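Below: one structure, written as structure tokens.
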Amino acid sequence: MSTLEELVIEDNLLGGPLPRNLGRLSRLRRFLASANNFTGTIPESYGRLTNLEDFRIDGSSLSGRIPDFIGNWTNLTRLDLQGTSMEGPIPSTISRLTKLKELRITDLAGASSSRFPDLLSMTQLNRL
């Protein structure tokens, strides 16, 4: 078990896929990887990051659908997926993120007629 709680690699022009082994970091609370050149999808192993409070991958060239497993991140207070090449729809599992204060998602491709998820249980949300 790793003791790493914060991984901040913003603004470094890092490229290639996101690190797949990150899911092993069971104590990880913050993953800030904004403004890099990451490509590919968010690895399935990230679904195990249940202690995440802050996840930012904005400004990368990530693609693929927003994964349903983000609903596992129930401690999340900020989710930032702006300016990526990801595809919609926004998964309904996002409604499980009741501690969320900031939700930032833009530039989604595909599924223009999808339903917006129910956010009624997100009573702490102050930025959408």
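Scheme for the structure tokens: letters A, B, ... for chains in order shown; per-chain residue numbers from 1; ligand numbers from 1 in order shown.
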Subject >> Residue contacts of Asn36 of chain A (8 Å, only C-alpha atoms) excluding same-chain residues fewer than 2 positions away, as a PyMOL selection string >> reply: chain A and resi 10-15+33-34+38+59-60
Original post:
Which residues, written as number ranges by chain, have at least one atom at most 9 Å from segment 116-118 of chain A, with only C-alpha atoms counted and residues fewer than 2 positions away on the same chain left out?
Top reply: A: 89-95, 114, 120-122
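Using only C-alpha atoms, the residues found no farther than 6 Å from segment 40-48 of chain A, other than those of its own chain fewer than 2 positions away, are Pro17, Arg20, Gly23, Thr50, Leu62, Ser63, Gly64 and Phe69 of chain A.
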**OP:** List the neighbours of Gly16 of chain A out to 7 Å using only C-alpha atoms; skip same-chain residues closer than 2 positions along the sequence, and give me the result as a PyMOL selection string.
**Re:** chain A and resi 18+37-39
Using only all heavy atoms, please write the residues we just selected to a file, as a PDB file, in the first residue's frame.
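After the write, part-v1.pdb holds the following:
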ATOM      1  N   LEU A  18      -2.185   8.247 -19.608  1.00  0.00           N
ATOM      2  CA  LEU A  18      -2.105   8.448 -18.157  1.00  0.00           C
ATOM      3  C   LEU A  18      -1.482   7.206 -17.527  1.00  0.00           C
ATOM      4  O   LEU A  18      -1.657   6.095 -18.032  1.00  0.00           O
ATOM      5  CB  LEU A  18      -3.504   8.657 -17.574  1.00  0.00           C
ATOM      6  CG  LEU A  18      -4.167   9.990 -17.862  1.00  0.00           C
ATOM      7  CD1 LEU A  18      -5.633   9.947 -17.448  1.00  0.00           C
ATOM      8  CD2 LEU A  18      -3.456  11.113 -17.150  1.00  0.00           C
ATOM      9  N   ASN A  37      -0.111  16.908 -22.131  1.00  0.00           N
ATOM     10  CA  ASN A  37      -0.480  16.376 -23.443  1.00  0.00           C
ATOM     11  C   ASN A  37      -0.871  14.901 -23.363  1.00  0.00           C
ATOM     12  O   ASN A  37      -0.548  14.128 -24.257  1.00  0.00           O
ATOM     13  CB  ASN A  37       0.686  16.556 -24.432  1.00  0.00           C
ATOM     14  CG  ASN A  37       0.961  18.003 -24.713  1.00  0.00           C
ATOM     15  OD1 ASN A  37       0.046  18.795 -24.866  1.00  0.00           O
ATOM     16  ND2 ASN A  37       2.226  18.362 -24.774  1.00  0.00           N
ATOM     17  N   PHE A  38      -1.551  14.513 -22.307  1.00  0.00           N
ATOM     18  CA  PHE A  38      -1.950  13.120 -22.162  1.00  0.00           C
ATOM     19  C   PHE A  38      -2.951  12.740 -23.243  1.00  0.00           C
ATOM     20  O   PHE A  38      -3.786  13.547 -23.651  1.00  0.00           O
ATOM     21  CB  PHE A  38      -2.558  12.870 -20.777  1.00  0.00           C
ATOM     22  CG  PHE A  38      -1.547  12.929 -19.681  1.00  0.00           C
ATOM     23  CD1 PHE A  38      -1.623  13.905 -18.705  1.00  0.00           C
ATOM     24  CD2 PHE A  38      -0.501  12.021 -19.617  1.00  0.00           C
ATOM     25  CE1 PHE A  38      -0.690  13.971 -17.686  1.00  0.00           C
ATOM     26  CE2 PHE A  38       0.436  12.070 -18.608  1.00  0.00           C
ATOM     27  CZ  PHE A  38       0.344  13.050 -17.636  1.00  0.00           C
ATOM     28  N   THR A  39      -2.853  11.505 -23.691  1.00  0.00           N
ATOM     29  CA  THR A  39      -3.751  10.975 -24.715  1.00  0.00           C
ATOM     30  C   THR A  39      -4.341   9.662 -24.219  1.00  0.00           C
ATOM     31  O   THR A  39      -3.918   9.122 -23.210  1.00  0.00           O
ATOM     32  CB  THR A  39      -2.984  10.729 -26.029  1.00  0.00           C
ATOM     33  OG1 THR A  39      -1.897   9.826 -25.773  1.00  0.00           O
ATOM     34  CG2 THR A  39      -2.454  12.020 -26.617  1.00  0.00           C
TER      35      THR A  39
END
**OP:** State, in Å with one decimal place, the distance from atom CA of Gly88 of chain A to atom CA of Arg56 of chain A.
**Re:**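 Computing the Euclidean distance for atom CA of Gly88 of chain A and atom CA of Arg56 of chain A yields 17.3 Å.
Atom pair atom CA of Leu108 of chain A / atom CA of Arg24 of chain A has a distance of 28.3 Å (rounded to one decimal).
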Original post:
DSSP says strand (DSSP E or B) for which residues of segment 1-127 of chain A? Put them as a ChimeraX atom specification?
Top reply: /A:6-8,15-17,30-32,37-40,54-56,61-65,78-81,85-87,102-105,109,127
Original post:
Counting only C-alpha atoms, which of A:Pro19, A:Arg96, A:Leu7, A:Arg27 gets nearest to Phe55 of chain A?
Top reply: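 Among the listed residues, the smallest separation from Phe55 of chain A belongs to A:Leu7.
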Original post:
Of the candidates A:Leu52, A:Leu119, A:Arg29, A:Ser85, which shows the shortest atom-to-atom distance to Arg65 of chain A, using only C-alpha atoms?
Top reply: A:Ser85
Original post:
What are the DSSP helix (DSSP H, G or I) residues of segment 39-104 of chain A, as a VMD selection string?
Top reply: chain A and resid 44 to 48 68 to 72 92 to 96
Subject >> Within 7 Å of Leu76 of chain A using only C-alpha atoms, minus same-chain residues under 2 positions, as JSON, numbers by chain >> reply: {"A": [52, 53, 54, 73, 74, 78, 97, 99, 100]}
Selection to disk with all heavy atoms, as a short mmCIF file (atom, residue, chain, number, x, y, z; two decimals), in the first residue's frame:
data_model
loop_
_atom_site.label_atom_id
_atom_site.label_comp_id
_atom_site.auth_asym_id
_atom_site.auth_seq_id
_atom_site.Cartn_x
_atom_site.Cartn_y
_atom_site.Cartn_z
N LEU A 52 -10.13 9.76 -3.56
CA LEU A 52 -9.93 11.00 -4.31
C LEU A 52 -10.87 12.10 -3.84
O LEU A 52 -12.06 11.87 -3.65
CB LEU A 52 -10.19 10.78 -5.80
CG LEU A 52 -9.04 10.29 -6.66
CD1 LEU A 52 -9.50 10.12 -8.10
CD2 LEU A 52 -7.85 11.22 -6.60
N GLU A 53 -10.31 13.28 -3.66
CA GLU A 53 -11.09 14.47 -3.34
C GLU A 53 -11.02 15.49 -4.46
O GLU A 53 -11.90 16.34 -4.58
CB GLU A 53 -10.57 15.09 -2.04
CG GLU A 53 -10.73 14.19 -0.83
CD GLU A 53 -10.04 14.74 0.40
OE1 GLU A 53 -9.58 15.90 0.39
OE2 GLU A 53 -9.95 13.99 1.39
N ASP A 54 -9.97 15.43 -5.28
CA ASP A 54 -9.74 16.42 -6.32
C ASP A 54 -9.12 15.71 -7.52
O ASP A 54 -8.05 15.10 -7.39
CB ASP A 54 -8.79 17.50 -5.77
CG ASP A 54 -8.73 18.74 -6.62
OD1 ASP A 54 -9.19 18.73 -7.78
OD2 ASP A 54 -8.17 19.75 -6.14
N TRP A 73 -15.94 7.58 -6.78
CA TRP A 73 -15.13 8.61 -6.13
C TRP A 73 -16.01 9.48 -5.23
O TRP A 73 -16.10 10.69 -5.36
CB TRP A 73 -14.44 9.47 -7.17
CG TRP A 73 -13.50 8.73 -8.08
CD1 TRP A 73 -12.95 7.50 -7.90
CD2 TRP A 73 -12.99 9.20 -9.33
NE1 TRP A 73 -12.14 7.18 -8.94
CE2 TRP A 73 -12.14 8.20 -9.84
CE3 TRP A 73 -13.18 10.36 -10.06
CZ2 TRP A 73 -11.47 8.34 -11.06
CZ3 TRP A 73 -12.51 10.50 -11.28
CH2 TRP A 73 -11.66 9.50 -11.76
N THR A 74 -16.64 8.88 -4.26
CA THR A 74 -17.65 9.56 -3.44
C THR A 74 -17.08 10.60 -2.49
O THR A 74 -17.85 11.35 -1.89
CB THR A 74 -18.47 8.53 -2.64
OG1 THR A 74 -17.59 7.73 -1.86
CG2 THR A 74 -19.29 7.65 -3.58
N ARG A 78 -13.93 18.14 -6.14
CA ARG A 78 -13.74 18.85 -7.40
C ARG A 78 -13.42 17.85 -8.51
O ARG A 78 -12.55 17.00 -8.35
CB ARG A 78 -12.61 19.87 -7.30
CG ARG A 78 -12.40 20.62 -8.60
CD ARG A 78 -11.52 21.80 -8.47
NE ARG A 78 -11.32 22.42 -9.79
CZ ARG A 78 -10.69 23.55 -9.96
NH1 ARG A 78 -10.19 24.21 -8.93
NH2 ARG A 78 -10.54 24.04 -11.17
N LEU A 97 -21.83 11.59 -6.32
CA LEU A 97 -20.78 12.46 -5.80
C LEU A 97 -21.39 13.60 -4.98
O LEU A 97 -21.33 14.77 -5.34
CB LEU A 97 -19.92 13.00 -6.94
CG LEU A 97 -19.36 11.93 -7.89
CD1 LEU A 97 -18.52 12.57 -8.98
CD2 LEU A 97 -18.57 10.89 -7.13
N LYS A 99 -20.52 15.01 -2.25
CA LYS A 99 -19.60 15.97 -1.61
C LYS A 99 -19.04 16.97 -2.63
O LYS A 99 -18.30 17.88 -2.26
CB LYS A 99 -18.45 15.24 -0.93
CG LYS A 99 -18.90 14.36 0.22
CD LYS A 99 -17.72 13.65 0.85
CE LYS A 99 -18.18 12.73 1.96
NZ LYS A 99 -17.05 11.98 2.55
N LEU A 100 -19.40 16.80 -3.89
CA LEU A 100 -18.86 17.63 -4.95
C LEU A 100 -19.24 19.09 -4.77
O LEU A 100 -20.40 19.41 -4.55
CB LEU A 100 -19.37 17.11 -6.30
CG LEU A 100 -18.50 17.36 -7.52
CD1 LEU A 100 -17.13 16.73 -7.37
CD2 LEU A 100 -19.19 16.81 -8.75
#
Original post:
What lies within 6 Å of Gly83 of chain A using only C-alpha atoms, ignoring chain neighbours under 2 positions off, as a VMD selection string?
Top reply: chain A and resid 58 to 59 106 to 107
Just C-alpha atoms for this one: save the residues we selected as a JSON list (two decimals), in the first residue's frame.
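Okay, result28.json is ready:
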[["chain", "number", "residue", "atom", "x", "y", "z"],
["A", 58, "ASP", "CA", -8.32, 19.56, -18.03],
["A", 59, "GLY", "CA", -6.41, 20.78, -21.05],
["A", 106, "THR", "CA", -16.70, 21.10, -21.33],
["A", 107, "ASP", "CA", -16.06, 20.22, -24.96]]
**OP:** Please indicate the distance in Å from atom CA of Leu28 of chain A to atom CA of Ala109 of chain A, rounded to one decimal place.
**Re:**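 Atom CA of Ala109 of chain A lies at a distance of 29.1 Å from atom CA of Leu28 of chain A.
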**OP:** Counting only C-alpha atoms, figure out which residue out of A:Ser61, A:Asp68, A:Leu32, A:Asn21 gets nearest to Thr84 of chain A.
**Re:**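 Smallest distance to Thr84 of chain A is found for A:Ser61.
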